[in-house]
file upload-v4.tsv (TSV, C-alpha atoms)
chain	number	residue	atom	x	y	z
U	2	MET	CA	132.54	98.73	118.62
U	3	GLN	CA	131.95	95.25	117.19
U	4	ILE	CA	128.48	93.78	116.87
U	5	ASN	CA	127.86	90.22	115.78
U	6	LYS	CA	126.26	90.04	112.33
U	7	ASN	CA	123.64	87.50	113.39
U	8	LEU	CA	122.66	89.62	116.40
U	9	VAL	CA	121.97	92.57	114.07
U	10	ILE	CA	119.96	90.34	111.71
U	11	LEU	CA	117.96	88.78	114.55
U	12	SER	CA	117.26	92.20	116.07
U	13	LEU	CA	115.93	93.54	112.77
U	14	MET	CA	113.80	90.41	112.33
U	15	LEU	CA	112.35	90.93	115.81
U	16	VAL	CA	111.49	94.53	114.93
U	17	ALA	CA	109.52	93.12	111.98
U	18	VAL	CA	107.74	90.72	114.36
U	19	VAL	CA	106.69	93.62	116.60
U	20	VAL	CA	105.50	95.64	113.59
U	21	ARG	CA	103.25	92.73	112.59
U	22	PHE	CA	101.07	93.52	115.60
U	23	MET	CA	100.41	97.05	114.37
U	24	ASN	CA	97.91	95.78	111.79
U	25	ILE	CA	98.21	98.89	109.61
U	26	LEU	CA	96.23	97.50	106.65
U	27	PRO	CA	95.07	93.99	105.75
U	28	ASN	CA	98.06	92.08	104.32
U	29	PHE	CA	100.46	94.92	105.11
U	30	SER	CA	102.97	92.72	106.87
U	31	PRO	CA	106.76	92.57	107.18
U	32	VAL	CA	106.88	88.76	107.15
U	33	VAL	CA	107.85	88.23	103.48
U	34	GLY	CA	110.58	90.87	103.76
U	35	MET	CA	111.76	89.36	107.04
U	36	THR	CA	111.86	85.87	105.51
U	37	LEU	CA	113.93	86.97	102.50
U	38	PHE	CA	116.18	89.06	104.73
U	39	GLY	CA	116.96	86.12	107.02
U	40	ALA	CA	117.39	83.76	104.07
U	41	ALA	CA	119.92	86.05	102.44
U	42	LEU	CA	121.99	86.98	105.46
U	43	LEU	CA	121.84	84.39	108.24
U	44	ASN	CA	125.03	82.32	108.35
U	45	ARG	CA	123.23	79.08	109.14
U	46	LYS	CA	120.59	78.68	106.47
U	47	VAL	CA	118.48	76.29	108.50
U	48	TRP	CA	117.53	79.33	110.64
U	49	ALA	CA	116.23	81.04	107.50
U	50	PHE	CA	113.48	78.40	107.49
U	51	ILE	CA	112.97	77.97	111.23
U	52	LEU	CA	112.88	81.58	112.47
U	53	PRO	CA	110.15	82.92	110.14
U	54	LEU	CA	107.94	79.90	110.88
U	55	VAL	CA	108.44	80.27	114.64
U	56	PHE	CA	107.84	84.02	114.45
U	57	ILE	CA	104.73	83.67	112.28
U	58	TYR	CA	103.30	80.93	114.51
U	59	GLY	CA	103.98	82.96	117.64
U	60	THR	CA	102.42	86.12	116.26
U	61	ASP	CA	99.46	84.20	114.80
U	62	LEU	CA	98.90	82.58	118.19
U	63	ILE	CA	98.64	86.01	119.81
U	64	ILE	CA	96.66	87.63	116.97
U	65	ASN	CA	94.20	84.73	116.66
U	66	ASN	CA	93.47	84.87	120.38
U	67	THR	CA	93.15	88.65	120.65
U	68	PHE	CA	92.50	90.87	117.61
U	69	ALA	CA	91.09	88.12	115.39
U	70	ARG	CA	89.37	86.00	118.05
U	71	SER	CA	85.94	86.66	116.53
U	72	PHE	CA	86.97	84.64	113.44
U	73	TYR	CA	87.01	81.44	115.55
U	74	PRO	CA	83.59	81.20	117.23
U	75	GLU	CA	83.65	77.39	116.95
U	76	VAL	CA	86.80	77.16	119.10
U	77	SER	CA	86.46	77.21	122.86
U	78	GLY	CA	89.61	78.15	124.67
U	79	ILE	CA	92.87	78.99	122.95
U	80	VAL	CA	93.14	78.91	119.16
U	81	TRP	CA	96.37	76.92	118.81
U	82	PHE	CA	96.19	76.29	115.10
U	83	SER	CA	94.02	77.10	112.12
U	84	GLU	CA	94.03	75.44	108.70
U	85	TYR	CA	95.08	78.63	106.90
U	86	MET	CA	98.40	78.45	108.78
U	87	ILE	CA	99.46	75.37	106.80
U	88	TRP	CA	99.33	77.35	103.56
U	89	ASN	CA	101.17	80.28	105.12
U	90	PHE	CA	103.89	77.94	106.40
U	91	VAL	CA	104.27	76.34	102.96
U	92	ALA	CA	104.48	79.78	101.34
U	93	TYR	CA	107.06	81.10	103.82
U	94	ALA	CA	109.16	77.93	103.56
U	95	MET	CA	109.18	78.31	99.77
U	96	ILE	CA	110.09	81.99	100.08
U	97	ALA	CA	112.94	81.09	102.44
U	98	GLY	CA	114.12	78.47	99.93
U	99	ILE	CA	114.01	80.97	97.10
U	100	GLY	CA	115.93	83.47	99.22
U	101	VAL	CA	118.58	80.97	100.28
U	102	LEU	CA	119.16	79.78	96.72
U	103	ALA	CA	118.98	83.09	94.91
U	104	LEU	CA	120.28	85.64	97.41
U	105	ASN	CA	123.04	83.61	99.05
U	106	LYS	CA	126.12	85.86	98.70
U	107	LYS	CA	124.41	87.81	95.85
U	108	VAL	CA	122.48	90.47	97.72
U	109	LYS	CA	122.14	93.31	95.24
U	110	PHE	CA	119.33	95.79	94.82
U	111	SER	CA	118.15	94.24	91.53
U	112	ASN	CA	118.21	90.65	92.88
U	113	THR	CA	116.40	91.66	96.03
U	114	LEU	CA	113.76	93.61	94.11
U	115	VAL	CA	113.02	90.74	91.71
U	116	LEU	CA	112.97	88.15	94.49
U	117	THR	CA	110.70	90.27	96.66
U	118	LEU	CA	108.21	90.51	93.79
U	119	ALA	CA	108.54	86.75	93.18
U	120	ALA	CA	107.98	86.09	96.88
U	121	SER	CA	104.82	88.22	96.80
U	122	VAL	CA	103.51	86.16	93.88
U	123	VAL	CA	104.42	82.86	95.58
U	124	PHE	CA	102.60	83.89	98.76
U	125	TYR	CA	99.57	85.10	96.79
U	126	PHE	CA	99.20	81.91	94.76
U	127	ILE	CA	99.87	79.42	97.56
U	128	THR	CA	97.64	81.03	100.17
U	129	ASN	CA	94.80	81.62	97.72
U	130	MET	CA	95.06	78.09	96.43
U	131	GLY	CA	94.63	77.10	100.07
U	132	ALA	CA	91.53	79.31	100.31
U	133	TRP	CA	90.19	77.67	97.14
U	134	LEU	CA	90.73	74.18	98.59
U	135	ASP	CA	89.15	75.10	101.95
U	136	PRO	CA	85.55	73.79	101.93
U	137	LYS	CA	84.49	76.58	104.33
U	138	MET	CA	85.30	79.17	101.65
U	139	MET	CA	82.75	77.58	99.28
U	140	TYR	CA	84.70	78.11	96.05
U	141	PRO	CA	83.76	75.64	93.29
U	142	SER	CA	86.22	72.73	93.11
U	143	ASN	CA	87.26	73.49	89.55
U	144	PHE	CA	89.52	75.90	87.68
U	145	SER	CA	86.82	78.59	87.76
U	146	GLY	CA	86.77	78.34	91.55
U	147	LEU	CA	90.52	78.88	91.67
U	148	ILE	CA	90.20	81.94	89.44
U	149	LEU	CA	87.42	83.28	91.69
U	150	SER	CA	89.68	82.83	94.72
U	151	LEU	CA	92.55	84.63	93.01
U	152	GLU	CA	90.28	87.48	91.85
U	153	ALA	CA	88.81	87.94	95.32
U	154	ALA	CA	92.32	88.36	96.73
U	155	LEU	CA	93.58	90.94	94.21
U	156	PRO	CA	93.01	93.97	96.49
U	157	PHE	CA	95.03	92.24	99.22
U	158	PHE	CA	97.72	91.28	96.70
U	159	ARG	CA	98.32	94.93	95.79
U	160	THR	CA	98.79	95.80	99.45
U	161	SER	CA	101.10	92.80	99.90
U	162	ILE	CA	103.35	93.85	97.03
U	163	VAL	CA	103.74	97.37	98.42
U	164	SER	CA	104.33	96.01	101.92
U	165	ASP	CA	106.81	93.36	100.79
U	166	LEU	CA	108.84	95.88	98.79
U	167	LEU	CA	108.78	98.41	101.61
U	168	TRP	CA	109.79	95.94	104.31
U	169	SER	CA	112.44	94.22	102.24
U	170	GLY	CA	113.93	97.61	101.47
U	171	ALA	CA	113.73	98.72	105.10
U	172	LEU	CA	115.33	95.57	106.50
U	173	PHE	CA	118.10	95.22	103.94
U	174	GLY	CA	118.69	98.97	103.87
U	175	THR	CA	118.93	99.25	107.66
U	176	TYR	CA	121.30	96.29	107.84
U	177	TYR	CA	123.63	97.70	105.19
U	178	LEU	CA	123.45	101.15	106.77
U	179	ILE	CA	124.51	99.67	110.11
U	180	LYS	CA	127.22	97.64	108.40
U	181	SER	CA	128.61	100.65	106.54
U	182	THR	CA	128.62	102.98	109.55
U	183	SER	CA	132.10	103.70	110.82
U	184	LEU	CA	130.83	103.66	114.42
U	185	ILE	CA	129.54	100.12	114.23
U	186	GLN	CA	131.30	97.27	112.48
U	187	VAL	CA	129.34	94.10	111.88
U	188	GLU	CA	131.63	91.13	112.33
U	189	ASN	CA	131.09	88.09	110.15
U	190	LYS	CA	132.17	85.52	112.75
U	191	VAL	CA	129.75	82.67	113.33
U	192	VAL	CA	128.96	82.20	116.99
U	193	SER	CA	128.27	78.56	117.80
call {"tool": "encode", "arguments": {"input": "upload-v4.tsv", "output": "structure tokens"}}
result
Amino acid sequence: MQINKNLVILSLMLVAVVVRFMNILPNFSPVVGMTLFGAALLNRKVWAFILPLVFIYGTDLIINNTFARSFYPEVSGIVWFSEYMIWNFVAYAMIAGIGVLALNKKVKFSNTLVLTLAASVVFYFITNMGAWLDPKMMYPSNFSGLILSLEAALPFFRTSIVSDLLWSGALFGTYYLIKSTSLIQVENKVVS
């Protein structure tokens, strides 16, 4: 039986999207792993940037209007966008760029491990810099304020690293398991 490579990749990315709603622990999310996975394996690299941003916006739209609605008391009606999302989008776009450049045709365990850790650090610094710059967070507008923001996020960073490693391993591992199975062959044809 032949299965299109991109269909397998998209299906695994959608599983990660569904898992995001489980809210296991704060910052325990498959999004970094999903972003690197798509960046490494999607044939058309533009989708490595577009899909994670669409998926993260879609899931944030649902989460911000259900589970996390209490964080937006000033908003009447639907929460379409929040300022934190800008920093997340920048971080995920950078992670996709790192993945496209570094993992393109070089997906090995060691590369993936190092890039997953680098992606965790990129996300941590960019999103916490955003928290530092957000006037609602009330961090001082100096280097000490940035350090305070980074220190406050350390417990979440530990969880993120574990989550990113776990999800990167699960997504890449599942893909390569499917690809290596004699029952299912992943074809490399690009479907236009």
call {"tool": "residues_around", "arguments": {"input": "upload-v4.tsv", "residues": "stretch 80-83 of chain U", "least_positions_apart": "4", "cutoff": "12 Å", "atoms": "all atoms listed in the file", "output": "list in words"}}
result
Ile57, Tyr58, Gly59, Thr60, Asp61, Leu62, Ile63, Ile64, Asn65, Asn66, Thr67, Ala69, Arg70, Ser71, Phe72, Tyr73, Pro74, Glu75, Val76, Ile87, Trp88, Asn89, Phe90 and Asp135 of chain U
call {"tool": "atom_distance", "arguments": {"input": "upload-v4.tsv", "atom1": "atom CA of U:Met86", "atom2": "atom CA of U:Phe173"}}
result
26.3 Å
call {"tool": "atom_distance", "arguments": {"input": "upload-v4.tsv", "atom1": "atom CA of U:Leu52", "atom2": "atom CA of U:Ser150"}}
result
29.2 Å
call {"tool": "closest_residue", "arguments": {"input": "upload-v4.tsv", "among": "U:Ser142, U:Ser161, U:Ser30, U:Asn5", "to": "U:Ala17", "atoms": "only C-alpha atoms"}}
result
U:Ser30
call {"tool": "residues_around", "arguments": {"input": "upload-v4.tsv", "residues": "U:Pro53", "least_positions_apart": "2", "cutoff": "10 Å", "atoms": "only C-alpha atoms", "output": "list in words"}}
result
Met14, Val18, Val32, Val33, Met35, Thr36, Leu37, Gly39, Ala40, Trp48, Ala49, Phe50, Ile51, Val55, Phe56, Ile57, Tyr58, Gly59, Phe90, Tyr93, Ala94 and Ala97 of chain U
call {"tool": "closest_residue", "arguments": {"input": "upload-v4.tsv", "among": "U:Thr160, U:Leu151, U:Lys180, U:Asn44", "to": "U:Pro31", "atoms": "only C-alpha atoms"}}
result
U:Thr160
call {"tool": "closest_residue", "arguments": {"input": "upload-v4.tsv", "among": "U:Leu167, U:Leu54, U:Ala41, U:Val16", "to": "U:Val108", "atoms": "only C-alpha atoms"}}
result
U:Ala41
call {"tool": "closest_residue", "arguments": {"input": "upload-v4.tsv", "among": "U:Asn129, U:Thr182, U:Thr175, U:Ser111", "to": "U:Leu155", "atoms": "only C-alpha atoms"}}
result
U:Asn129
call {"tool": "atom_distance", "arguments": {"input": "upload-v4.tsv", "atom1": "atom CA of U:Ile96", "atom2": "atom CA of U:Pro141"}}
result
27.9 Å
